[in-house]
Amino acid sequence: MPRLILLLYRALIFVAVWPLCLAARNHPNFKGTLRQRLAWTLPPVPRGDLVWFHGASLGEVKALAGLIAAVKARRPRAVVCLSAMTAAGRQAAAGLDGVDLILPMPFDAGWIMRRTMRHLAPRALVIAETEVWPNMLVAARKAGIPVALVNARLTPRSFARYRLVRRFVARLLENVRILATADDNAGRFRALGATDVRVTGNVKFDAVPGLHPERVQALRESLGAGARPVFVAGSIREGEERPVMEAVAAARREIPDLFCIVAPRHHDRIPCVADEARRHGIAWARRSAPDGKADLLILDTMGELFDLYGVARAAFVGGSLVDLGGQNILEPIAWGVPTLHGPHMGNFLWALAVVRDYTCEVADAAGLAAALVDVIRRPEAHAERARAARAALDGAKGATARVADELLKMIPE
């Protein structure tokens with residue numbers, strides 16, 4: 001049965017890859033990459049012991065950053081190849097120290113993976129989270145290349161789907177080392193037939209940037225907020241502009257000197273935030289063109305949100321009032337800032353499992369406004385929970401070193 005499923009999968013990929021190339025040739029994630037994805041054009045490979053890391057998109061690439069740095073620190077002669085499916089992932093990879101070669105993820109066809117594997121000749125293949133590509137794994141096994149799934153996690157929904165083809169999945173994973181984030185994920189992999197499963201923790205806790213208080217002080221001075229309490233609503237997603245701005249307007253009626261910063265996750269949503277500010281009569285400006293009379297700044301610059309959380313008395317993390325899976329709540333928590341979020345945090349349950357008791361969940365605009373006013377008016381009542389959240393985050397760190405230890409055992413010097 002596993003062999004039959006693999007044959008059917010290969011036939012499907014063979015048929016689908018050509019219309020996919022035609023349909024996706026101008027898509028931002030695929031444009032200019034098709035020849036490499038088909039293994040028609042492969043880049044020169046630097047000399048040395050190559051380790052192939054793969055992260056599907058931006059989040060996985062960020063999670064791999066610290067791990068790549070740890071491996072390179074202990075094996076300076078290692079050559080790191082990092083592949084990603086998305087353009088954002090490859091752009092992030094280009095900014096990482098220690099990455100020697102960047103590839104778009106090859107299409108998972110048998111001949112493509114075999115050709116890519118022969119060309120790269122990696123000493124190990126390291127896949128972030130749960131990217132189970134059958135032909136990639138089969139090509140690595142046949143070439144004798146050790147494979148590890150790092151930061152491996154499996155949601156109950158994914159587990160239920162994989163269980164329908166359990167024997168096939170067990171065959172794919174029989175020579176794969178699973179480095180799981182937690183016991184529940186490890187148990188699901190074992191139930192699918194994986195035999196080499198270890199719990200090493202979640203490297204994403206180590207991926208939270210370091211704190212730079214001196215930058216925060218400079219930021220505060222540049223905002224023109226003076227001693228006013230600052231609220232930061234970060235990573236606001238489509239559909240949240242209205243409830244967030246309703247909450248800001250309601251909170252400002254209670255606390256007139258409240259200074260707010262709203263950071264849309266995607267810059268094309270900036271006009272929506274601006275429209276809502278006008279509708280509520282709030283004086284606003286763009287971060288790139290500050291106005292001393294503004295009570296609200298819309299963040300239209302890159303790379304400042306994390307440090308701006310350090311300025312805040314309270315923070316809200318978006319993608320969570322609407323059903324979009326949430327965004328990274330650990331960034332304001334790292335600064336010891338009381339952190340609010342909505343009920344839709346499905347993509348960050350791993351983070352909530354550690355800090356849930358110390359954050360504040362709100363259901364709607366009214367709940368967000370009430371929680372925000374309470375945090376500003378009773379700072380000491382919330383400071384202890386914020387400190388506990390930061391301590392819980394610090395206590396969850398350390399997985400990167402453990403995962404690096406396991407990987408280096410797989411790559412003999």
# chains A, B, ... in the order shown; residues from 1 in each chain; ligands from 1
$ residues_around --residues "range 207-214 of chain A" --least-positions-apart "5" --cutoff "10 Å" --atoms "only C-alpha atoms" --output "list in words"
Lys62, Ala63, Leu64, Ala65, Gly66, Leu67, Asn202, Leu219, Phe306, Asp307, Gly310, Val311, Asn328, Leu330, Glu331, Pro332, Ile333, Ala334, Trp335, Leu393, Lys397 and Thr400 of chain A
$ select_by_dssp --residues "range 137-278 of chain A" --states "helix (DSSP H, G or I)" --output "PyMOL selection string"
chain A and resi 137-142+156-163+166-173+183-191+203-205+213-223+241-254+267-278
$ write_last_selection --atoms "C-alpha atoms" --output "mmCIF file, in the first residue's frame"
data_model
loop_
_atom_site.group_PDB
_atom_site.id
_atom_site.type_symbol
_atom_site.label_atom_id
_atom_site.label_comp_id
_atom_site.auth_asym_id
_atom_site.auth_seq_id
_atom_site.Cartn_x
_atom_site.Cartn_y
_atom_site.Cartn_z
ATOM 1 C CA LEU A 137 12.310 12.262 1.909
ATOM 2 C CA VAL A 138 12.600 9.260 -0.439
ATOM 3 C CA ALA A 139 15.442 10.897 -2.391
ATOM 4 C CA ALA A 140 17.310 11.633 0.836
ATOM 5 C CA ARG A 141 16.848 8.085 2.111
ATOM 6 C CA LYS A 142 18.080 6.523 -1.133
ATOM 7 C CA PRO A 156 -4.839 17.284 15.983
ATOM 8 C CA ARG A 157 -6.390 18.183 12.615
ATOM 9 C CA SER A 158 -3.208 17.346 10.686
ATOM 10 C CA PHE A 159 -2.745 14.194 12.733
ATOM 11 C CA ALA A 160 -6.238 13.022 11.773
ATOM 12 C CA ARG A 161 -5.458 13.522 8.073
ATOM 13 C CA TYR A 162 -2.080 11.781 8.235
ATOM 14 C CA ARG A 163 -3.601 8.882 10.156
ATOM 15 C CA ARG A 166 -0.564 5.963 8.453
ATOM 16 C CA ARG A 167 1.446 3.148 6.822
ATOM 17 C CA PHE A 168 2.600 5.471 4.074
ATOM 18 C CA VAL A 169 3.626 8.178 6.553
ATOM 19 C CA ALA A 170 5.388 5.601 8.739
ATOM 20 C CA ARG A 171 7.400 4.491 5.722
ATOM 21 C CA LEU A 172 8.387 8.080 4.926
ATOM 22 C CA LEU A 173 9.446 8.783 8.516
ATOM 23 C CA ASP A 183 5.216 15.763 24.460
ATOM 24 C CA ASP A 184 1.815 15.944 22.747
ATOM 25 C CA ASN A 185 3.410 16.487 19.349
ATOM 26 C CA ALA A 186 5.906 13.700 19.986
ATOM 27 C CA GLY A 187 3.052 11.342 20.859
ATOM 28 C CA ARG A 188 1.252 12.102 17.594
ATOM 29 C CA PHE A 189 4.379 11.374 15.557
ATOM 30 C CA ARG A 190 4.886 8.093 17.395
ATOM 31 C CA ALA A 191 1.257 7.167 16.744
ATOM 32 C CA VAL A 203 13.241 27.094 19.056
ATOM 33 C CA LYS A 204 10.787 29.950 18.399
ATOM 34 C CA PHE A 205 11.128 30.985 22.038
ATOM 35 C CA PRO A 213 16.635 49.819 25.863
ATOM 36 C CA GLU A 214 18.791 52.597 24.391
ATOM 37 C CA ARG A 215 16.921 52.312 21.088
ATOM 38 C CA VAL A 216 13.604 52.453 22.932
ATOM 39 C CA GLN A 217 14.545 55.705 24.625
ATOM 40 C CA ALA A 218 15.483 57.229 21.279
ATOM 41 C CA LEU A 219 12.203 56.008 19.797
ATOM 42 C CA ARG A 220 10.160 57.537 22.605
ATOM 43 C CA GLU A 221 11.803 60.892 22.032
ATOM 44 C CA SER A 222 11.136 60.677 18.295
ATOM 45 C CA LEU A 223 7.432 59.938 18.788
ATOM 46 C CA GLU A 241 -9.109 48.039 11.608
ATOM 47 C CA ARG A 242 -12.620 48.991 12.687
ATOM 48 C CA PRO A 243 -12.801 47.201 16.077
ATOM 49 C CA VAL A 244 -9.292 48.322 17.025
ATOM 50 C CA MET A 245 -10.037 51.941 16.192
ATOM 51 C CA GLU A 246 -13.389 51.734 17.985
ATOM 52 C CA ALA A 247 -11.489 50.508 21.045
ATOM 53 C CA VAL A 248 -8.928 53.304 20.722
ATOM 54 C CA ALA A 249 -11.683 55.915 20.467
ATOM 55 C CA ALA A 250 -13.531 54.497 23.491
ATOM 56 C CA ALA A 251 -10.328 54.310 25.556
ATOM 57 C CA ARG A 252 -9.410 57.894 24.672
ATOM 58 C CA ARG A 253 -12.772 59.088 26.007
ATOM 59 C CA GLU A 254 -11.708 57.653 29.372
ATOM 60 C CA HIS A 267 0.995 48.197 4.455
ATOM 61 C CA ASP A 268 -1.806 48.094 1.901
ATOM 62 C CA ARG A 269 -4.207 48.291 4.864
ATOM 63 C CA ILE A 270 -2.839 51.656 6.030
ATOM 64 C CA PRO A 271 -5.599 53.614 4.208
ATOM 65 C CA CYS A 272 -8.229 51.552 6.078
ATOM 66 C CA VAL A 273 -6.703 52.501 9.428
ATOM 67 C CA ALA A 274 -6.514 56.136 8.363
ATOM 68 C CA ASP A 275 -10.180 56.098 7.284
ATOM 69 C CA GLU A 276 -11.208 54.689 10.668
ATOM 70 C CA ALA A 277 -9.156 57.338 12.485
ATOM 71 C CA ARG A 278 -10.914 60.079 10.516
#
$ residues_around --residues "range 30-38 of chain A" --least-positions-apart "3" --cutoff "6 Å" --atoms "only C-alpha atoms" --output "PyMOL selection string"
chain A and resi 25-27+41-42+106-107+112
$ write_last_selection --atoms "C-alpha atoms" --output "compact mmCIF listing (two decimals), in the first residue's frame"
# COMPACT_ATOMS: atom_id res chain seq x y z
CA ARG A 25 4.92 31.90 -13.48
CA ASN A 26 4.05 35.49 -12.54
CA HIS A 27 3.11 34.86 -8.92
CA THR A 41 19.31 25.43 -13.53
CA LEU A 42 21.12 24.81 -10.26
CA PRO A 106 12.15 22.52 -5.65
CA PHE A 107 8.91 20.98 -6.84
CA ILE A 112 13.59 16.93 -9.54
$ residues_around --residues "range 227-236 of chain A" --least-positions-apart "3" --cutoff "10 Å" --atoms "only C-alpha atoms" --output "compact mmCIF listing (two decimals) with N, CA and C atoms, in the first residue's frame"
# COMPACT_ATOMS: atom_id res chain seq x y z
N ARG A 220 11.14 56.75 21.84
CA ARG A 220 10.16 57.54 22.61
C ARG A 220 10.34 59.03 22.32
N GLU A 221 11.56 59.48 22.29
CA GLU A 221 11.80 60.89 22.03
C GLU A 221 11.36 61.29 20.63
N GLY A 224 7.32 62.03 19.97
CA GLY A 224 6.66 63.26 20.39
C GLY A 224 5.52 63.02 21.35
N GLY A 239 -9.86 43.35 8.58
CA GLY A 239 -11.07 43.12 9.36
C GLY A 239 -10.95 43.58 10.79
N GLU A 240 -9.73 43.93 11.23
CA GLU A 240 -9.53 44.39 12.60
C GLU A 240 -9.42 45.91 12.69
N GLU A 241 -9.30 46.58 11.57
CA GLU A 241 -9.11 48.04 11.61
C GLU A 241 -10.25 48.72 12.37
N VAL A 244 -10.44 47.75 16.31
CA VAL A 244 -9.29 48.32 17.02
C VAL A 244 -9.46 49.83 17.17
N MET A 245 -9.87 50.49 16.11
CA MET A 245 -10.04 51.94 16.19
C MET A 245 -11.25 52.32 17.05
N VAL A 248 -9.79 52.14 20.47
CA VAL A 248 -8.93 53.30 20.72
C VAL A 248 -9.78 54.53 21.04
N ILE A 255 -9.40 58.14 28.82
CA ILE A 255 -8.02 58.59 29.08
C ILE A 255 -7.63 59.51 27.92
N PRO A 256 -7.99 60.80 27.99
CA PRO A 256 -7.81 61.70 26.85
C PRO A 256 -6.36 61.87 26.38
N ASP A 257 -5.38 61.68 27.26
CA ASP A 257 -3.99 61.89 26.83
C ASP A 257 -3.35 60.60 26.30
N LEU A 258 -4.13 59.55 26.07
CA LEU A 258 -3.60 58.30 25.55
C LEU A 258 -3.01 58.52 24.16
N PHE A 259 -1.78 58.05 23.96
CA PHE A 259 -1.11 58.14 22.66
C PHE A 259 -1.06 56.73 22.07
N CYS A 260 -1.49 56.59 20.83
CA CYS A 260 -1.64 55.25 20.24
C CYS A 260 -0.78 55.08 18.99
N ILE A 261 -0.29 53.89 18.83
CA ILE A 261 0.44 53.49 17.63
C ILE A 261 -0.24 52.25 17.07
N VAL A 262 -0.65 52.31 15.82
CA VAL A 262 -1.31 51.18 15.17
C VAL A 262 -0.42 50.72 14.02
N ALA A 263 -0.08 49.43 14.03
CA ALA A 263 0.82 48.88 13.01
C ALA A 263 0.09 47.81 12.21
N PRO A 264 -0.39 48.15 11.01
CA PRO A 264 -1.01 47.12 10.17
C PRO A 264 0.03 46.08 9.77
N ARG A 265 -0.39 44.83 9.75
CA ARG A 265 0.52 43.76 9.33
C ARG A 265 0.98 43.96 7.88
N HIS A 266 0.05 44.43 7.05
CA HIS A 266 0.35 44.66 5.64
C HIS A 266 0.10 46.13 5.32
N ARG A 269 -3.05 48.04 4.00
CA ARG A 269 -4.21 48.29 4.86
C ARG A 269 -4.10 49.64 5.59
N ILE A 270 -3.01 50.36 5.37
CA ILE A 270 -2.84 51.66 6.03
C ILE A 270 -4.00 52.60 5.72
N VAL A 273 -6.91 51.98 8.08
CA VAL A 273 -6.70 52.50 9.43
C VAL A 273 -6.90 54.01 9.44
N ASP A 295 -2.48 62.31 17.78
CA ASP A 295 -2.72 61.43 18.93
C ASP A 295 -2.56 59.97 18.56
N LEU A 296 -2.37 59.71 17.26
CA LEU A 296 -2.23 58.34 16.79
C LEU A 296 -1.24 58.32 15.65
N LEU A 297 -0.29 57.38 15.72
CA LEU A 297 0.66 57.16 14.64
C LEU A 297 0.33 55.85 13.95
N ILE A 298 0.30 55.87 12.63
CA ILE A 298 0.16 54.65 11.85
C ILE A 298 1.55 54.24 11.39
N LEU A 299 1.96 53.05 11.77
CA LEU A 299 3.33 52.61 11.48
C LEU A 299 3.44 52.21 10.01
N LEU A 305 8.62 47.77 14.88
CA LEU A 305 7.53 47.36 15.77
C LEU A 305 8.05 46.74 17.06
N PHE A 306 9.04 45.87 16.97
CA PHE A 306 9.51 45.20 18.19
C PHE A 306 9.99 46.23 19.22
N LEU A 308 9.17 49.36 19.38
CA LEU A 308 8.05 50.20 19.80
C LEU A 308 7.23 49.53 20.90
N TYR A 309 7.18 48.20 20.90
CA TYR A 309 6.52 47.52 22.03
C TYR A 309 7.18 47.91 23.35
N GLY A 310 8.48 48.17 23.30
CA GLY A 310 9.19 48.55 24.52
C GLY A 310 8.79 49.91 25.05
N VAL A 311 8.16 50.73 24.21
CA VAL A 311 7.69 52.06 24.62
C VAL A 311 6.33 51.98 25.30
N ALA A 312 5.62 50.88 25.05
CA ALA A 312 4.19 50.81 25.40
C ALA A 312 3.94 50.56 26.88
N ARG A 313 2.83 51.11 27.35
CA ARG A 313 2.28 50.73 28.67
C ARG A 313 1.38 49.50 28.52
N ALA A 314 0.79 49.34 27.33
CA ALA A 314 -0.06 48.20 27.04
C ALA A 314 0.06 47.91 25.56
N ALA A 315 -0.09 46.62 25.18
CA ALA A 315 0.02 46.24 23.78
C ALA A 315 -1.09 45.26 23.42
N PHE A 316 -1.56 45.39 22.20
CA PHE A 316 -2.50 44.43 21.64
C PHE A 316 -1.85 43.82 20.41
N VAL A 317 -1.97 42.49 20.27
CA VAL A 317 -1.38 41.79 19.12
C VAL A 317 -2.51 41.29 18.24
N GLY A 318 -2.48 41.70 16.97
CA GLY A 318 -3.59 41.46 16.06
C GLY A 318 -3.61 40.08 15.44
N GLY A 319 -4.46 39.97 14.41
CA GLY A 319 -4.71 38.68 13.78
C GLY A 319 -5.51 37.76 14.66
N SER A 320 -6.06 38.31 15.75
CA SER A 320 -6.69 37.47 16.77
C SER A 320 -8.12 37.87 17.10
N LEU A 321 -8.55 39.06 16.71
CA LEU A 321 -9.96 39.42 16.86
C LEU A 321 -10.79 38.82 15.73
N VAL A 322 -10.14 38.56 14.59
CA VAL A 322 -10.76 37.84 13.48
C VAL A 322 -10.05 36.49 13.37
N GLY A 326 -3.90 34.56 14.70
CA GLY A 326 -3.08 35.32 15.63
C GLY A 326 -1.74 35.72 15.05
N GLN A 327 -0.99 36.47 15.84
CA GLN A 327 0.38 36.89 15.51
C GLN A 327 1.24 36.68 16.76
N ASN A 328 2.49 37.09 16.69
CA ASN A 328 3.46 36.75 17.73
C ASN A 328 3.27 37.60 18.99
N ILE A 329 2.71 36.99 20.02
CA ILE A 329 2.48 37.70 21.28
C ILE A 329 3.74 37.79 22.14
N GLU A 331 6.61 39.12 21.48
CA GLU A 331 7.43 40.33 21.35
C GLU A 331 7.11 41.37 22.43
N PRO A 332 5.85 41.76 22.64
CA PRO A 332 5.61 42.67 23.77
C PRO A 332 5.88 42.02 25.12
N THR A 339 0.04 42.38 27.88
CA THR A 339 -0.27 42.01 26.50
C THR A 339 -1.70 41.52 26.37
N LEU A 340 -2.41 42.10 25.39
CA LEU A 340 -3.80 41.76 25.10
C LEU A 340 -3.85 41.08 23.73
N HIS A 341 -4.82 40.19 23.57
CA HIS A 341 -5.02 39.53 22.28
C HIS A 341 -6.45 39.03 22.19
N LEU A 372 -7.82 47.82 28.01
CA LEU A 372 -6.80 48.84 27.83
C LEU A 372 -6.91 49.91 28.91
N ILE A 376 -4.02 50.84 31.88
CA ILE A 376 -3.43 52.18 32.03
C ILE A 376 -3.74 52.75 33.41
N ARG A 377 -4.95 52.52 33.90
CA ARG A 377 -5.35 53.10 35.18
C ARG A 377 -4.79 52.33 36.37
$ closest_residue --among "A:Ala92, A:Asp196, A:Leu407, A:Thr155" --to "Leu125 in chain A" --atoms "only C-alpha atoms"
A:Leu407
$ closest_residue --among "A:Pro76, A:Pro2, A:Gly144, A:Gly226" --to "Met117 in chain A" --atoms "only C-alpha atoms"
A:Gly144
$ closest_residue --among "A:Pro338, A:Gly55, A:Pro412, A:Pro46" --to "Ala389 in chain A" --atoms "only C-alpha atoms"
A:Pro338
$ closest_residue --among "A:Arg287, A:Arg385, A:Arg279, A:Arg198" --to "Ala182 in chain A" --atoms "only C-alpha atoms"
A:Arg198
$ select_by_dssp --residues "range 4-229 of chain A" --states "strand (DSSP E)" --output "MDAnalysis selection string"
chainID A and resid 49:55 78:84 101:104 124:128 147:152 176:180 196:199
$ atom_distance --atom1 "CA of Leu50 in chain A" --atom2 "CA of Arg123 in chain A"
5.7 Å
$ residues_around --residues "Gly395 in chain A" --least-positions-apart "3" --cutoff "12 Å" --atoms "only C-alpha atoms" --output "list in words"
Gly201, Asn202, Phe205, Asp206, Ala334, Val354, Val355, Ala388, Ala389, Arg390, Ala391, Ala392, Gly398 and Ala399 of chain A
$ residues_around --residues "Val199 in chain A" --least-positions-apart "4" --cutoff "6 Å" --atoms "only C-alpha atoms" --output "MDAnalysis selection string"
chainID A and resid 179:182
$ residues_around --residues "range 78-86 of chain A" --least-positions-apart "4" --cutoff "6 Å" --atoms "only C-alpha atoms" --output "PyMOL selection string"
chain A and resi 29+48-57+90+99-105
$ write_last_selection --atoms "C-alpha atoms" --output "tab-separated table (two decimals), in the first residue's frame"
chain	number	residue	atom	x	y	z
A	29	ASN	CA	6.51	33.50	-4.82
A	48	GLY	CA	32.56	22.03	2.27
A	49	ASP	CA	30.14	19.91	4.26
A	50	LEU	CA	26.76	21.19	3.09
A	51	VAL	CA	23.71	21.08	5.35
A	52	TRP	CA	20.40	21.71	3.62
A	53	PHE	CA	17.90	23.57	5.78
A	54	HIS	CA	14.33	24.03	4.54
A	55	GLY	CA	11.70	26.41	5.91
A	56	ALA	CA	8.43	26.84	4.06
A	57	SER	CA	7.94	30.56	4.60
A	90	ARG	CA	13.95	33.77	0.71
A	99	VAL	CA	23.65	31.22	5.00
A	100	ASP	CA	25.87	30.41	2.02
A	101	LEU	CA	23.31	29.38	-0.58
A	102	ILE	CA	19.59	30.19	-1.01
A	103	LEU	CA	17.21	28.13	-3.11
A	104	PRO	CA	13.53	28.22	-3.92
A	105	MET	CA	11.91	25.00	-2.74
$ atom_distance --atom1 "CA of Val147 in chain A" --atom2 "CA of Phe348 in chain A"
25.9 Å
$ atom_distance --atom1 "CA of Trp111 in chain A" --atom2 "CA of Pro44 in chain A"
19.3 Å
